[in-house]
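S.K.: First the structure, which I've put down as structure tokens, then a few questions once you've had a look.
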Amino acid sequence: MKKKPFDKYEYYLRSVQSPEADAQFLQRKYQSLRGEKAIVLREDFCAAFALCCEWVKANKNQQAIGIDLDPETIAYGREQYVPLLSADQKSRLQLIRKDVTKKNLPTADIICALNFSYFIFKEREKLKSYFSSVLASLRPGGVFFLDCFGGSQCQHAIEEETEFQGEGFSYFWDQDSFDPVTHNALFHIHFKRKGEAKRKKVFTYDWRMWTIPELKDILAEVGFKQTVVYWEGTTKSGEGNGVFSPVTKGEECEAWVAYLAALR
């Protein structure tokens with residue numbers, strides 16, 4: 001049987017994203033912080049806005065707003081994901097092609113910047129400007145969610161392969177470089193389908209590796225009242241178990257992923 005043409009966004013979704021689980025996580029954490037359900041989600045740097053689609057599918061009252069500058073990814077989502085929604089779900093989804101740092105953006109109960117997307121801001125003032133814009137757009141009682149990663153392993157050039165044996169492909173996370181003075185780092189994602197050559201640099205990320213203390217300080221400076229850090233638990237073998245709990249202290253890990261919830 002002839003293979004389908006390679007679709008980089010499909011393989012990114014299959015290997016990196018979990019939009020349904022993310023939608024549940026955001027709603028669950030918002031409820032634990034605020035004692036009520038969030039209605040409006042705004043996904044900044046939404047790309048193909050898979051999370052937005054899952055948000056409107058989860059509850060008939062929930063609304064989602066996706067914001068991104070890239071016309072290609074927005075067009076992909078319109079072509080691939082929107083047709084799978086019902087007419088009612090489509091009516092509760094709004095897509096905007098705009099810079100997320102601009103003023104007068106739609107307000108929301110939850111605003112999120114996931115997949116480390118805000119790491120594109122390498123200068124402190126630019127990140128601070130973005131956080132200020134988010135605060136201005138949050139409704140009373142709103143929460144801003146970010147994810148973050150780090151650890152000693154993330155300060156070395158290293159390439160890791162994840163095999164999806166049942167699906168016939170491998171995903172490669174390649175940290176090409178890290179500068180300890182600037183914390184700038186270059187990453188690539190490669191894919192290899194069974195029986196085919198490795199597709200190199202399908203996605204490339206030129207980021208600054210922000211730390212949790214830096215993020216908390218900037219969020220406080222722009223006016224967020226509190227920031228809660230959610231740290232991932234571990235299994236007996238020392239692997240991440242996918243359960244994120246609020247902490248005031250983390251663990252010394254070679255590599256970790258955490259979430260931050262900043263409260264308006």
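By order in the structure tokens, chains are A, B, ...; within a chain, residues start at 1; ligands start at 1, following the order shown.
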Just want the 8 Å neighbourhood of stretch 38-43 of chain A, counted on only C-alpha atoms, with same-chain residues fewer than 6 positions away dropped. Output as a ChimeraX atom specification.
M.R.: /A:27,30-31,49,51-52,55,61-67,106-113
S.K.: Run DSSP on the backbone of this structure and report the residues of stretch 36-149 of chain A it assigns to strand (DSSP E), as a ChimeraX atom specification.
M.R.: /A:40-44,63-68,93-97,108-113,138-149
S.K.: For the residues in the current selection, export N, CA and C atoms as a short mmCIF file (atom, residue, chain, number, x, y, z; two decimals), in the first residue's frame.
M.R.:
data_model
loop_
_atom_site.label_atom_id
_atom_site.label_comp_id
_atom_site.auth_asym_id
_atom_site.auth_seq_id
_atom_site.Cartn_x
_atom_site.Cartn_y
_atom_site.Cartn_z
N VAL A 40 -13.91 30.95 28.40
CA VAL A 40 -13.18 31.41 27.21
C VAL A 40 -11.69 31.12 27.35
N LEU A 41 -11.16 30.39 26.39
CA LEU A 41 -9.72 30.10 26.30
C LEU A 41 -9.13 30.89 25.14
N ARG A 42 -8.00 31.55 25.39
CA ARG A 42 -7.24 32.17 24.30
C ARG A 42 -5.89 31.48 24.20
N GLU A 43 -5.64 30.89 23.04
CA GLU A 43 -4.38 30.19 22.81
C GLU A 43 -3.46 31.09 21.98
N ASP A 44 -2.45 31.67 22.63
CA ASP A 44 -1.46 32.47 21.90
C ASP A 44 -0.46 31.55 21.22
N GLN A 63 -15.74 28.57 24.69
CA GLN A 63 -15.35 29.32 23.50
C GLN A 63 -13.83 29.39 23.44
N ALA A 64 -13.29 29.42 22.23
CA ALA A 64 -11.83 29.46 22.07
C ALA A 64 -11.44 30.52 21.04
N ILE A 65 -10.31 31.16 21.34
CA ILE A 65 -9.73 32.16 20.44
C ILE A 65 -8.29 31.76 20.17
N GLY A 66 -7.93 31.60 18.92
CA GLY A 66 -6.56 31.27 18.55
C GLY A 66 -5.89 32.45 17.88
N ILE A 67 -4.67 32.77 18.33
CA ILE A 67 -3.94 33.91 17.76
C ILE A 67 -2.56 33.44 17.32
N ASP A 68 -2.21 33.77 16.08
CA ASP A 68 -0.89 33.42 15.55
C ASP A 68 -0.59 34.32 14.35
N LEU A 93 -15.52 29.18 17.87
CA LEU A 93 -14.08 29.24 17.59
C LEU A 93 -13.78 30.50 16.79
N GLN A 94 -12.83 31.30 17.28
CA GLN A 94 -12.41 32.52 16.60
C GLN A 94 -10.91 32.45 16.33
N LEU A 95 -10.51 32.75 15.10
CA LEU A 95 -9.09 32.72 14.73
C LEU A 95 -8.65 34.11 14.30
N ILE A 96 -7.50 34.53 14.81
CA ILE A 96 -7.00 35.87 14.54
C ILE A 96 -5.53 35.78 14.12
N ARG A 97 -5.19 36.36 13.00
CA ARG A 97 -3.79 36.45 12.59
C ARG A 97 -3.26 37.80 13.05
N ALA A 108 -10.10 36.87 27.85
CA ALA A 108 -10.37 35.46 28.08
C ALA A 108 -10.22 35.14 29.56
N ASP A 109 -10.81 34.00 29.96
CA ASP A 109 -10.62 33.50 31.33
C ASP A 109 -9.25 32.85 31.48
N ILE A 110 -8.86 32.09 30.44
CA ILE A 110 -7.54 31.47 30.39
C ILE A 110 -6.83 31.96 29.15
N ILE A 111 -5.59 32.39 29.32
CA ILE A 111 -4.70 32.63 28.18
C ILE A 111 -3.52 31.69 28.36
N CYS A 112 -3.12 31.01 27.31
CA CYS A 112 -1.99 30.08 27.42
C CYS A 112 -1.00 30.29 26.29
N ALA A 113 0.26 30.04 26.60
CA ALA A 113 1.35 30.04 25.63
C ALA A 113 2.12 28.76 25.88
N LEU A 138 -6.62 39.51 30.32
CA LEU A 138 -7.28 38.54 31.19
C LEU A 138 -8.51 39.15 31.86
N ARG A 139 -9.56 38.38 31.92
CA ARG A 139 -10.75 38.82 32.63
C ARG A 139 -10.49 38.74 34.14
N PRO A 140 -11.29 39.45 34.94
CA PRO A 140 -11.12 39.34 36.40
C PRO A 140 -11.14 37.87 36.83
N GLY A 141 -10.14 37.49 37.61
CA GLY A 141 -10.02 36.09 38.02
C GLY A 141 -9.34 35.21 36.99
N GLY A 142 -8.86 35.81 35.91
CA GLY A 142 -8.23 35.03 34.84
C GLY A 142 -6.89 34.45 35.23
N VAL A 143 -6.47 33.43 34.47
CA VAL A 143 -5.19 32.75 34.73
C VAL A 143 -4.43 32.60 33.42
N PHE A 144 -3.13 32.86 33.49
CA PHE A 144 -2.22 32.73 32.36
C PHE A 144 -1.37 31.49 32.58
N PHE A 145 -1.42 30.54 31.63
CA PHE A 145 -0.67 29.30 31.75
C PHE A 145 0.50 29.27 30.76
N LEU A 146 1.66 28.87 31.27
CA LEU A 146 2.88 28.70 30.48
C LEU A 146 3.47 27.33 30.77
N ASP A 147 4.19 26.78 29.82
CA ASP A 147 5.04 25.63 30.16
C ASP A 147 6.50 26.04 30.00
N CYS A 148 7.37 25.28 30.64
CA CYS A 148 8.79 25.62 30.69
C CYS A 148 9.58 24.33 30.82
N PHE A 149 10.80 24.31 30.32
CA PHE A 149 11.63 23.12 30.51
C PHE A 149 13.07 23.52 30.76
#
S.K.: Just the residues within 6 Å of A:Arg199, please, counting only C-alpha atoms, with nothing from its chain fewer than 5 positions along; format it as an MDAnalysis selection string.
M.R.: chainID A and resid 190:192
S.K.: So which residues touch A:Leu105 within 9 Å, counting only C-alpha atoms, skipping near sequence neighbours fewer than 2 positions away, as number ranges by chain?
M.R.: A: 98, 100-103, 107, 133-134, 136-137
S.K.: Enumerate as a list in words all residues of stretch 137-193 of chain A assigned to helix (DSSP H, G or I) by DSSP on the backbone, naming them with the chain letters and numbers the document uses.
M.R.: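 Secondary structure check on stretch 137-193 of chain A, helix (DSSP H, G or I): Ser137, Ser152, Gln153, Cys154, Gln155, Gln165, Gly166 and Glu167 of chain A.
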S.K.: Write out as a PyMOL selection string each polymer residue whose atoms come within 7 Å of A:Ser245, counting only C-alpha atoms; drop sequence neighbours fewer than 3 positions from it.
M.R.: chain A and resi 230-232
S.K.: Write out the residues from the selection above, keeping N, CA and C atoms, as a compact mmCIF listing (two decimals), in the first residue's frame.
M.R.:
# COMPACT_ATOMS: atom_id res chain seq x y z
N TYR A 230 3.74 24.14 38.75
CA TYR A 230 3.29 22.74 38.77
C TYR A 230 4.45 21.86 38.29
N TRP A 231 4.89 20.98 39.17
CA TRP A 231 6.05 20.12 38.90
C TRP A 231 5.58 18.68 38.66
N GLU A 232 6.22 18.01 37.73
CA GLU A 232 5.82 16.65 37.38
C GLU A 232 6.36 15.63 38.38
S.K.: Using only C-alpha atoms for the distances, tell me which of A:Glu159, A:Glu167, A:Asp7, A:Asp206 is nearest to A:Tyr118.
M.R.: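 Nearest to A:Tyr118: A:Asp206.
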